[in-house]
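Asks: My structure is stored as data.cif, with mmCIF, C-alpha atoms.
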```cif
data_work
loop_
_atom_site.label_atom_id
_atom_site.label_comp_id
_atom_site.auth_asym_id
_atom_site.auth_seq_id
_atom_site.Cartn_x
_atom_site.Cartn_y
_atom_site.Cartn_z
CA MET T 237 -37.45 -16.54 13.11
CA ARG T 238 -36.53 -20.16 12.57
CA VAL T 239 -37.23 -21.17 16.18
CA PHE T 240 -40.61 -19.45 16.29
CA SER T 241 -41.58 -20.74 12.85
CA THR T 242 -40.76 -24.37 13.64
CA ARG T 243 -41.73 -24.56 17.32
CA GLY T 244 -44.18 -21.70 17.66
CA TYR T 245 -43.83 -18.76 19.98
CA ARG T 246 -44.88 -20.60 23.14
CA ALA T 247 -42.72 -23.69 22.61
CA GLY T 248 -39.70 -21.78 21.31
CA SER T 249 -37.48 -20.69 24.17
CA VAL T 250 -34.93 -17.91 24.38
CA GLN T 251 -32.35 -20.64 25.05
CA ASN T 252 -33.32 -22.25 21.70
CA ILE T 253 -33.05 -18.89 19.97
CA ALA T 254 -29.63 -18.12 21.47
CA ALA T 255 -28.35 -21.55 20.45
CA GLU T 256 -29.73 -21.13 16.91
CA ALA T 257 -28.10 -17.69 16.65
CA GLY T 258 -24.80 -19.04 17.97
CA ILE T 259 -24.63 -16.60 20.87
CA SER T 260 -24.91 -16.92 24.62
CA LEU T 261 -28.23 -16.50 26.38
CA SER T 262 -26.89 -13.41 28.13
CA GLY T 263 -25.78 -12.01 24.77
CA LEU T 264 -29.27 -12.48 23.35
CA LEU T 265 -30.90 -10.95 26.41
CA HIS T 266 -28.54 -7.97 26.15
CA HIS T 267 -30.07 -7.12 22.77
CA PHE T 268 -33.60 -8.36 23.49
CA PRO T 269 -34.40 -8.22 27.23
CA SER T 270 -37.45 -10.46 26.84
CA LYS T 271 -38.93 -13.02 24.52
CA GLU T 272 -41.85 -10.65 23.91
CA GLU T 273 -39.49 -7.88 22.75
CA LEU T 274 -37.76 -10.27 20.39
CA LEU T 275 -41.11 -11.28 18.91
CA ALA T 276 -42.14 -7.64 18.55
CA GLU T 277 -38.91 -6.86 16.67
CA ILE T 278 -39.40 -9.79 14.30
CA LEU T 279 -42.96 -8.73 13.54
CA ALA T 280 -41.94 -5.09 13.06
CA TYR T 281 -39.11 -6.19 10.74
CA ARG T 282 -41.55 -8.16 8.58
CA ASP T 283 -43.90 -5.19 8.30
CA GLU T 284 -41.10 -2.74 7.45
CA GLU T 285 -39.94 -5.08 4.72
CA ALA T 286 -43.48 -5.38 3.36
CA GLU T 287 -43.83 -1.61 3.18
CA THR T 288 -40.87 -1.41 0.79
CA TYR T 289 -42.98 -3.36 -1.72
CA VAL T 290 -46.47 -2.03 -1.04
CA GLY T 291 -45.99 1.37 0.57
CA SER T 292 -47.96 2.71 3.49
CA GLY T 293 -50.35 5.49 4.37
CA ASP T 294 -50.71 8.03 1.58
CA ASP T 295 -48.19 6.11 -0.56
CA VAL T 296 -50.69 3.31 -1.23
CA ARG T 297 -51.93 3.42 -4.83
CA ALA T 298 -53.30 0.91 -7.30
CA GLU T 299 -49.66 0.02 -8.09
CA SER T 300 -49.40 -1.31 -4.55
CA LEU T 301 -51.34 -4.35 -5.77
CA ALA T 302 -48.47 -5.16 -8.14
CA GLY T 303 -46.15 -4.56 -5.17
CA LEU T 304 -48.18 -7.09 -3.22
CA ILE T 305 -47.39 -9.70 -5.87
CA GLU T 306 -43.70 -8.77 -5.66
CA LEU T 307 -43.88 -9.12 -1.87
CA VAL T 308 -45.35 -12.61 -2.15
CA ALA T 309 -42.58 -13.54 -4.62
CA HIS T 310 -40.03 -12.23 -2.11
CA ASN T 311 -41.66 -14.19 0.71
CA GLN T 312 -41.26 -17.40 -1.31
CA ARG T 313 -37.51 -16.81 -1.17
CA VAL T 314 -37.67 -16.54 2.64
CA PRO T 315 -39.70 -19.61 3.61
CA GLY T 316 -38.88 -19.33 7.31
CA LEU T 317 -40.62 -15.96 7.39
CA VAL T 318 -43.73 -17.43 5.76
CA GLU T 319 -43.74 -20.29 8.25
CA LEU T 320 -43.24 -17.91 11.17
CA PHE T 321 -46.13 -15.73 10.07
CA CYS T 322 -48.47 -18.72 9.66
CA VAL T 323 -47.60 -20.15 13.07
CA LEU T 324 -47.79 -16.81 14.87
CA SER T 325 -51.04 -15.81 13.19
CA ALA T 326 -52.66 -19.04 14.36
CA GLU T 327 -51.22 -18.78 17.87
CA ALA T 328 -52.19 -15.12 18.15
CA THR T 329 -55.89 -15.90 17.80
CA ASP T 330 -55.66 -16.47 21.56
CA PRO T 331 -56.27 -13.10 23.24
CA GLU T 332 -53.63 -14.01 25.86
CA HIS T 333 -50.87 -14.40 23.24
CA PRO T 334 -48.34 -11.52 23.39
CA ALA T 335 -48.73 -10.88 19.66
CA HIS T 336 -52.56 -10.94 19.67
CA ASP T 337 -53.09 -7.18 19.60
CA PHE T 338 -50.32 -6.70 17.06
CA VAL T 339 -51.80 -9.31 14.71
CA VAL T 340 -55.34 -7.92 15.05
CA GLU T 341 -54.08 -4.39 14.33
CA ARG T 342 -51.88 -5.63 11.50
CA PHE T 343 -54.76 -7.38 9.73
CA ALA T 344 -56.86 -4.22 10.00
CA ARG T 345 -53.97 -2.07 8.74
CA VAL T 346 -53.25 -4.41 5.81
CA ARG T 347 -56.92 -4.60 4.81
CA THR T 348 -57.19 -0.82 4.99
CA ALA T 349 -54.12 -0.35 2.78
CA ILE T 350 -55.24 -2.90 0.21
CA ALA T 351 -58.74 -1.37 0.15
CA ALA T 352 -57.12 2.02 -0.54
CA ALA T 353 -55.24 0.46 -3.46
CA PHE T 354 -58.49 -0.99 -4.83
CA ARG T 355 -60.24 2.38 -4.38
CA ASP T 356 -57.46 4.08 -6.33
CA ALA T 357 -57.83 1.44 -9.05
CA GLU T 358 -61.57 2.11 -9.08
CA VAL T 359 -61.09 5.88 -9.48
CA ARG T 360 -58.66 5.24 -12.34
CA GLY T 361 -61.05 2.85 -14.11
CA LEU T 362 -58.87 -0.21 -13.47
CA LEU T 363 -61.25 -2.10 -11.18
CA ALA T 364 -63.69 -4.62 -12.61
CA ASP T 365 -67.32 -3.56 -12.58
CA GLY T 366 -69.23 -4.29 -9.38
CA VAL T 367 -66.15 -4.96 -7.23
CA ASP T 368 -66.37 -3.57 -3.70
CA PRO T 369 -62.89 -2.32 -2.70
CA ASP T 370 -63.34 -3.24 0.98
CA GLY T 371 -64.61 -6.72 0.16
CA ALA T 372 -61.86 -7.22 -2.42
CA ALA T 373 -59.27 -6.25 0.20
CA ARG T 374 -60.61 -8.81 2.67
CA GLU T 375 -60.59 -11.46 -0.06
CA ALA T 376 -57.04 -10.58 -1.13
CA VAL T 377 -55.79 -11.02 2.44
CA ALA T 378 -57.64 -14.34 2.70
CA VAL T 379 -56.16 -15.52 -0.59
CA MET T 380 -52.61 -14.55 0.44
CA ASP T 381 -52.87 -16.23 3.82
CA GLY T 382 -54.52 -19.31 2.37
CA LEU T 383 -51.86 -19.60 -0.30
CA GLN T 384 -49.13 -19.37 2.33
CA LEU T 385 -50.65 -22.17 4.37
CA GLN T 386 -51.13 -24.41 1.32
CA TRP T 387 -47.61 -23.61 0.12
CA ILE T 388 -46.14 -24.76 3.41
CA LEU T 389 -48.33 -27.86 3.68
CA GLU T 390 -47.65 -28.89 0.08
CA GLY T 391 -43.88 -28.59 0.34
CA ARG T 392 -43.53 -25.28 -1.52
CA THR T 393 -44.58 -26.87 -4.80
CA PHE T 394 -46.31 -23.94 -6.50
CA ASP T 395 -45.77 -20.26 -7.22
CA MET T 396 -47.75 -18.21 -4.70
CA ALA T 397 -47.08 -14.96 -6.56
CA ALA T 398 -48.49 -16.39 -9.80
CA ARG T 399 -51.62 -17.58 -7.97
CA LEU T 400 -52.09 -14.15 -6.36
CA ARG T 401 -51.59 -12.46 -9.72
CA SER T 402 -54.25 -14.74 -11.22
CA HIS T 403 -56.66 -13.90 -8.41
CA LEU T 404 -56.09 -10.15 -8.61
CA ALA T 405 -56.39 -10.18 -12.42
CA ARG T 406 -60.06 -11.12 -12.00
CA THR T 407 -60.59 -7.97 -9.96
CA VAL T 408 -58.29 -5.31 -11.37
CA ARG T 409 -56.42 -4.73 -14.63
CA ILE T 410 -53.19 -5.85 -13.02
CA SER T 411 -51.15 -5.71 -16.25
CA GLN T 412 -51.55 -1.93 -16.28
CA LEU T 413 -50.08 -1.74 -12.78
CA ASP T 414 -46.84 -3.62 -13.31
CA ARG T 415 -43.86 -1.60 -12.21
#
```
Let's see the structure in the file written out as structure tokens.
Replies:
Amino acid sequence: MRVFSTRGYRAGSVQNIAAEAGISLSGLLHHFPSKEELLAEILAYRDEEAETYVGSGDDVRAESLAGLIELVAHNQRVPGLVELFCVLSAEATDPEHPAHDFVVERFARVRTAIAAAFRDAEVRGLLADGVDPDGAAREAVAVMDGLQLQWILEGRTFDMAARLRSHLARTVRISQLDR
């Protein structure tokens, strides 16, 4: 994660990764036969970890929005992961990037899950009047990604989770969702 987050996927080599991990190149390639497979595993790991906070599929409820705040707080404790995601997201805008399809699908999946959480909040009377769940989901993703980028650029000088909580509180009665 550290190599990809500091050098980017394209500039980070498997030799760099093996050296960073303290293993031989052949040892790394034994576990991850290609750079693309290593990237795929890192991205899958990040998503699995996120699901422990937010849930997935039918598990997504209004409480998942509070889980989203917890996830952002967790991410602050793993700055290399935040940096990796920012770098890879930017690189993956290129359709030729090996993570392009994954990132496109991930954004759609995340927006869909967050929209489901907002819809559940709406049904339960927790959503502010006039809020469109799909639009609110898109905005929440934009806020999270924007906060991550600012957090990195500004030397990790503010609390991303607190800023996300503040944003969501304008949309949903977040205090009623705390776990």
Asks: Report as a ChimeraX atom specification the full result of the PyMOL selection byres ((chain T and resi 312-316) around 12) when it is applied to this structure.
Replies: /T:237-244,278,282,285,305-311,317-324,380,383-385,387-389,391-398
Asks: Can you pull out every residue within 8 Å of Ala349 in chain T, counting all atoms listed in the file, but drop anything in the same chain fewer than 6 positions away, and send it as a PyMOL selection string?
Replies: chain T and resi 292-293+296
Asks: I need the chosen residues saved as a CSV table (one decimal), in the coordinates of the input, with C-alpha atoms.
Replies:
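Produced file selection-v1.csv, reproduced below:
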```csv
chain,number,residue,atom,x,y,z
T,292,SER,CA,-48.0,2.7,3.5
T,293,GLY,CA,-50.4,5.5,4.4
T,296,VAL,CA,-50.7,3.3,-1.2
```
Asks: Using only C-alpha atoms, find the one residue out of T:Ile253, T:Ala286, T:Val377, T:Ala352 that sits nearest to Ser270 in chain T.
Replies: T:Ile253
Asks: Do a neighbour search on Val250 in chain T at 8 Å with all atoms listed in the file, toss out local chain neighbours closer than 5 positions, and write the hits as a list in words.
Replies: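 Contacts, in chain order: Leu261, Leu264 and Lys271 of chain T.
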Asks: Hey, which of T:Ala276, T:Ala247, T:Ala344, T:Leu301 ends up closest to Leu404 in chain T? Count all atoms listed in the file.
Replies: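 Going through T:Ala276, T:Ala247, T:Ala344, T:Leu301 one by one, the smallest distance to Leu404 in chain T is for T:Leu301.
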Asks: Please write as a ChimeraX atom specification the full residue list that the PyMOL selection byres ((chain T and resi 364) around 10) yields on this file.
Replies: /T:357-358,361-363,365-368,405-409
Asks: Residues within 12 Å of (-50.5, -9.2, 19.0), file coordinates, counting all atoms listed in the file: what are they? Give the list as a JSON list (two decimals) with C-alpha atoms, in the frame of the given file.
Replies:
```
[["chain", "number", "residue", "atom", "x", "y", "z"],
["T", 245, "TYR", "CA", -43.83, -18.76, 19.98],
["T", 272, "GLU", "CA", -41.85, -10.65, 23.91],
["T", 273, "GLU", "CA", -39.49, -7.88, 22.75],
["T", 275, "LEU", "CA", -41.11, -11.28, 18.91],
["T", 276, "ALA", "CA", -42.14, -7.64, 18.55],
["T", 279, "LEU", "CA", -42.96, -8.73, 13.54],
["T", 280, "ALA", "CA", -41.94, -5.09, 13.06],
["T", 321, "PHE", "CA", -46.13, -15.73, 10.07],
["T", 324, "LEU", "CA", -47.79, -16.81, 14.87],
["T", 325, "SER", "CA", -51.04, -15.81, 13.19],
["T", 326, "ALA", "CA", -52.66, -19.04, 14.36],
["T", 327, "GLU", "CA", -51.22, -18.78, 17.87],
["T", 328, "ALA", "CA", -52.19, -15.12, 18.15],
["T", 329, "THR", "CA", -55.89, -15.90, 17.80],
["T", 330, "ASP", "CA", -55.66, -16.47, 21.56],
["T", 331, "PRO", "CA", -56.27, -13.10, 23.24],
["T", 332, "GLU", "CA", -53.63, -14.01, 25.86],
["T", 333, "HIS", "CA", -50.87, -14.40, 23.24],
["T", 334, "PRO", "CA", -48.34, -11.52, 23.39],
["T", 335, "ALA", "CA", -48.73, -10.88, 19.66],
["T", 336, "HIS", "CA", -52.56, -10.94, 19.67],
["T", 337, "ASP", "CA", -53.09, -7.18, 19.60],
["T", 338, "PHE", "CA", -50.32, -6.70, 17.06],
["T", 339, "VAL", "CA", -51.80, -9.31, 14.71],
["T", 340, "VAL", "CA", -55.34, -7.92, 15.05],
["T", 341, "GLU", "CA", -54.08, -4.39, 14.33],
["T", 342, "ARG", "CA", -51.88, -5.63, 11.50],
["T", 343, "PHE", "CA", -54.76, -7.38, 9.73]]
```
Asks: What is the distance, in Å and to one decimal place, between CA of Tyr289 in chain T and CA of Val359 in chain T?
Replies: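 So the answer is 21.8 Å.
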Asks: To one decimal in Å, tell me the separation between CA of Arg374 in chain T and CA of Arg345 in chain T.
Replies: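 For CA of Arg374 in chain T relative to CA of Arg345 in chain T, the distance reads 11.2 Å.
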Asks: When you draw a straight line from CA of Glu277 in chain T to CA of Asp295 in chain T, how long is it in Å?
Replies: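 Computing the Euclidean distance for CA of Glu277 in chain T and CA of Asp295 in chain T yields 23.5 Å.
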